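Novice: This is the structure, below, for whatever I ask next.
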Amino acid sequence: LNLEPGFHHYHFNDLNPDHIRELRALKVNHPSKNIHITEKDANSFVPEFCATLGKNDRAVLFLDPYSTQLNWATLKHIAATQKIDLWLLFPISAITRMTPTDGAKIRPEWRKTITRLLGTDKWEEALYKPKPLPAMDDLFGDQSNHNGTERLNIDELEAWITKRLRETFYYVAKPHRLTNNNRPLFLFYLAVSNPKQQAWRLADRAVKSILRNQ
């Protein structure tokens, strides 16, 4: 809000009452800024906001979803505008929680949520691979304990999610992984919907500059 020159409009959307109170106080403290506050599910707010953008409008959007609440379809709405630069905190911890290492332990009630979050029902074949066979059979040649599938490791999972985003947006920077006690929580992405390569180069320089200062 203190950036000059500033944006023409500022939109803040949240469902947490405490956050809304703080946002309303922020609005009072910045009377010269055109601040809009809404209380909607982001999957409703974002498409509605995208629909308001005119031919010459441009926007920067920051998405910090609660757990698994973000639909991949919402990201497609953003990409389709070709007008928005998106900063996204992707909840990789939610994915690892719902996709156990052993593919046989995926809970059926999680499948629809994972499909909605990742935007494809092909996620299981993408995220799981056959368990490796041991270098030597056990004493009786029984390999029954080695059947089935196991999930990709965290680096492979990050690479697949990044690939999915790059199939949706024109430019996606390498994510910055946010952790807690070495446990991955979020992948912090910059995704650009602008089809012009000049915009991608500017975005790439911005991300590299930000990461150098971390």
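Just so we're on the same page: first chain in the structure tokens is A, next is B, and so on; residues restart at 1 for each chain, and ligands are numbered from 1 in the order they show up.
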Leaving out stretch 57-64 of chain A and any residue of its chain fewer than 4 positions from it, which residues lie within 7 Å of it when counting only C-alpha atoms, given as a PyMOL selection string?
Specialist: chain A and resi 53+83-89
Novice: Could you write out that same residue set with N, CA and C atoms as a CSV table (one decimal), in the first residue's frame?
Specialist:
chain,number,residue,atom,x,y,z
A,53,LEU,N,-11.8,-7.6,-15.5
A,53,LEU,CA,-10.7,-7.0,-16.1
A,53,LEU,C,-11.0,-6.6,-17.5
A,83,LYS,N,-3.7,-11.5,-18.4
A,83,LYS,CA,-3.5,-10.1,-17.8
A,83,LYS,C,-2.9,-10.2,-16.4
A,84,ILE,N,-2.8,-11.4,-15.8
A,84,ILE,CA,-2.5,-11.4,-14.3
A,84,ILE,C,-1.1,-12.1,-14.1
A,85,ASP,N,-0.3,-11.5,-13.2
A,85,ASP,CA,0.9,-12.2,-12.7
A,85,ASP,C,0.5,-12.7,-11.3
A,86,LEU,N,0.7,-14.0,-11.2
A,86,LEU,CA,0.2,-14.7,-10.0
A,86,LEU,C,1.3,-15.1,-9.1
A,87,TRP,N,1.2,-14.7,-7.8
A,87,TRP,CA,2.1,-15.3,-6.7
A,87,TRP,C,1.3,-16.3,-6.0
A,88,LEU,N,1.7,-17.5,-6.0
A,88,LEU,CA,0.9,-18.7,-5.5
A,88,LEU,C,1.7,-19.4,-4.4
A,89,LEU,N,1.1,-19.6,-3.3
A,89,LEU,CA,1.6,-20.5,-2.3
A,89,LEU,C,0.8,-21.9,-2.5
Novice: Name the residues in contact with stretch 120-136 of chain A at a cut-off of 6 Å, using only C-alpha atoms, excluding same-chain residues fewer than 3 positions from it; report them as a list in words.
Specialist: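 Surrounding residues, per the criterion: Thr115, Gly148, Thr149, Glu150, Arg151 and Leu152 of chain A.
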Novice: Write to file, as a PDB file, in the first residue's frame, the residues of the selection just made, with C-alpha atoms.
Specialist:
ATOM      1  CA  THR A 115      -8.317 -34.456  -8.414  1.00  0.00           C
ATOM      2  CA  GLY A 148       2.401 -52.220  -5.447  1.00  0.00           C
ATOM      3  CA  THR A 149       3.427 -48.606  -5.930  1.00  0.00           C
ATOM      4  CA  GLU A 150       5.154 -45.830  -4.025  1.00  0.00           C
ATOM      5  CA  ARG A 151       4.806 -42.066  -4.336  1.00  0.00           C
ATOM      6  CA  LEU A 152       7.419 -39.888  -5.974  1.00  0.00           C
TER       7      LEU A 152
END
Novice: Need the shell around stretch 90-96 of chain A: protein/DNA/RNA residues with any atom at most 8 Å away, counting only C-alpha atoms. Skip same-chain ones fewer than 5 positions apart. Format as a list in words?
Specialist: Asp64, Pro65, Ser67, Thr68, Ile114, Glu158, Pro184, Leu185, Phe186, Leu187, Phe188 and Tyr189 of chain A
Novice: Would you list, as number ranges by chain, the residues of stretch 9-118 of chain A that end up in strand (DSSP E) under DSSP run on this structure's backbone?
Specialist: A: 10-13, 35-38, 59-63, 84-90
Novice: When you look at stretch 172-182 of chain A with a cut-off of 8 Å (counting only C-alpha atoms), what residues show up, excluding the ones that are within fewer than 5 positions of it in the same chain? I need them as a ChimeraX atom specification.
Specialist: /A:162,165-166,187-192,204,207
Novice: Output N, CA, C and O atoms of each residue in that selection to a file, as a PDB file, in the first residue's frame.
Specialist:
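Output saved as result-v7.pdb:
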ATOM      1  N   THR A 162       5.203 -28.396 -10.891  1.00  0.00           N
ATOM      2  CA  THR A 162       5.709 -27.293 -11.708  1.00  0.00           C
ATOM      3  C   THR A 162       5.387 -27.528 -13.181  1.00  0.00           C
ATOM      4  O   THR A 162       4.982 -26.596 -13.895  1.00  0.00           O
ATOM      5  N   LEU A 165       1.761 -26.658 -13.812  1.00  0.00           N
ATOM      6  CA  LEU A 165       1.551 -25.215 -13.889  1.00  0.00           C
ATOM      7  C   LEU A 165       2.051 -24.660 -15.221  1.00  0.00           C
ATOM      8  O   LEU A 165       1.432 -23.759 -15.804  1.00  0.00           O
ATOM      9  N   ARG A 166       3.160 -25.190 -15.708  1.00  0.00           N
ATOM     10  CA  ARG A 166       3.720 -24.708 -16.974  1.00  0.00           C
ATOM     11  C   ARG A 166       2.875 -25.132 -18.172  1.00  0.00           C
ATOM     12  O   ARG A 166       3.009 -24.560 -19.247  1.00  0.00           O
ATOM     13  N   LEU A 187       4.997 -24.532  -1.876  1.00  0.00           N
ATOM     14  CA  LEU A 187       5.856 -24.154  -2.993  1.00  0.00           C
ATOM     15  C   LEU A 187       5.412 -22.756  -3.402  1.00  0.00           C
ATOM     16  O   LEU A 187       4.248 -22.544  -3.745  1.00  0.00           O
ATOM     17  N   PHE A 188       6.338 -21.804  -3.341  1.00  0.00           N
ATOM     18  CA  PHE A 188       6.011 -20.410  -3.655  1.00  0.00           C
ATOM     19  C   PHE A 188       6.381 -20.146  -5.114  1.00  0.00           C
ATOM     20  O   PHE A 188       7.548 -20.170  -5.491  1.00  0.00           O
ATOM     21  N   TYR A 189       5.348 -19.898  -5.928  1.00  0.00           N
ATOM     22  CA  TYR A 189       5.505 -19.752  -7.373  1.00  0.00           C
ATOM     23  C   TYR A 189       5.198 -18.335  -7.837  1.00  0.00           C
ATOM     24  O   TYR A 189       4.333 -17.655  -7.266  1.00  0.00           O
ATOM     25  N   LEU A 190       5.856 -17.932  -8.905  1.00  0.00           N
ATOM     26  CA  LEU A 190       5.397 -16.812  -9.717  1.00  0.00           C
ATOM     27  C   LEU A 190       4.993 -17.391 -11.062  1.00  0.00           C
ATOM     28  O   LEU A 190       5.804 -18.038 -11.737  1.00  0.00           O
ATOM     29  N   ALA A 191       3.732 -17.166 -11.450  1.00  0.00           N
ATOM     30  CA  ALA A 191       3.212 -17.653 -12.728  1.00  0.00           C
ATOM     31  C   ALA A 191       2.667 -16.468 -13.516  1.00  0.00           C
ATOM     32  O   ALA A 191       1.924 -15.652 -12.974  1.00  0.00           O
ATOM     33  N   VAL A 192       3.038 -16.386 -14.777  1.00  0.00           N
ATOM     34  CA  VAL A 192       2.676 -15.249 -15.621  1.00  0.00           C
ATOM     35  C   VAL A 192       1.728 -15.709 -16.714  1.00  0.00           C
ATOM     36  O   VAL A 192       2.023 -16.669 -17.442  1.00  0.00           O
ATOM     37  N   ASP A 204      11.296 -13.287 -14.815  1.00  0.00           N
ATOM     38  CA  ASP A 204      12.441 -14.117 -14.456  1.00  0.00           C
ATOM     39  C   ASP A 204      13.485 -13.300 -13.702  1.00  0.00           C
ATOM     40  O   ASP A 204      14.033 -13.746 -12.687  1.00  0.00           O
ATOM     41  N   VAL A 207      12.181 -12.549 -10.083  1.00  0.00           N
ATOM     42  CA  VAL A 207      12.276 -13.690  -9.183  1.00  0.00           C
ATOM     43  C   VAL A 207      13.724 -13.898  -8.743  1.00  0.00           C
ATOM     44  O   VAL A 207      14.007 -14.101  -7.544  1.00  0.00           O
TER      45      VAL A 207
END
Novice: What are the closest atom pairs, with distances in Å to one decimal, for all residues of stretch 49-108 of chain A lying within 12 Å of stretch 24-44 of chain A? Consider only C-alpha atoms, order rows by chain and residue number, and present the result as CSV.
Specialist:
residue,atom,partner,partner_atom,distance
A:Phe49,CA,A:Ser44,CA,8.8
A:Cys50,CA,A:Ser44,CA,10.4
A:Ala51,CA,A:Ser44,CA,11.3
A:Leu61,CA,A:Ala42,CA,11.6
A:Phe62,CA,A:Ala42,CA,11.1
A:Leu63,CA,A:Ala42,CA,8.5
A:Asp64,CA,A:Ala42,CA,9.5
A:Pro65,CA,A:Ala42,CA,7.9
A:Tyr66,CA,A:Ala42,CA,9.7
A:Thr68,CA,A:Asn43,CA,11.5
A:Gln69,CA,A:Asn43,CA,8.1
A:Leu70,CA,A:Asn43,CA,6.5
A:Asn71,CA,A:Asn43,CA,6.5
A:Trp72,CA,A:Asn43,CA,9.2
A:Ala73,CA,A:Asn43,CA,8.2
A:Thr74,CA,A:Asn43,CA,5.7
A:Leu75,CA,A:Asn43,CA,9.1
A:Lys76,CA,A:Asn43,CA,11.0
A:His77,CA,A:Asn43,CA,9.6
A:Ile78,CA,A:Asn43,CA,10.9
Novice: Rounded to one decimal in Å, what is the spacing between atom CA of A:His11 and atom CA of A:Phe169?
Specialist: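 Separation between atom CA of A:His11 and atom CA of A:Phe169: 22.2 Å.
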Novice: State, in Å with one decimal place, the distance from atom CA of A:Lys163 to atom CA of A:Gly119.
Specialist: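 Rounded to one decimal, the two atoms are 12.5 Å apart.
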Novice: Between A:Thr81, A:Asn153, A:Asn194, A:Asn56, single out the one closest to A:Thr99, counting only C-alpha atoms.
Specialist: A:Asn153
Novice: Counting only C-alpha atoms, which residue out of A:Arg212, A:Ile106, A:Tyr171, A:Asn16 sits closest to A:Trp200?
Specialist: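 The closest residue to A:Trp200 is A:Tyr171.
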Novice: Run DSSP on the backbone and tell me which residues of stretch 11-154 of chain A come out as helix (DSSP H, G or I); list them as number ranges by chain.
Specialist: A: 17-29, 42-52, 72-81, 92-98, 103-105, 108-118, 123-127, 144-146, 154
Novice: What is the atom CA of A:Arg21 to atom CA of A:Pro5 distance in Å?
Specialist: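 A separation of 26.5 Å between them.
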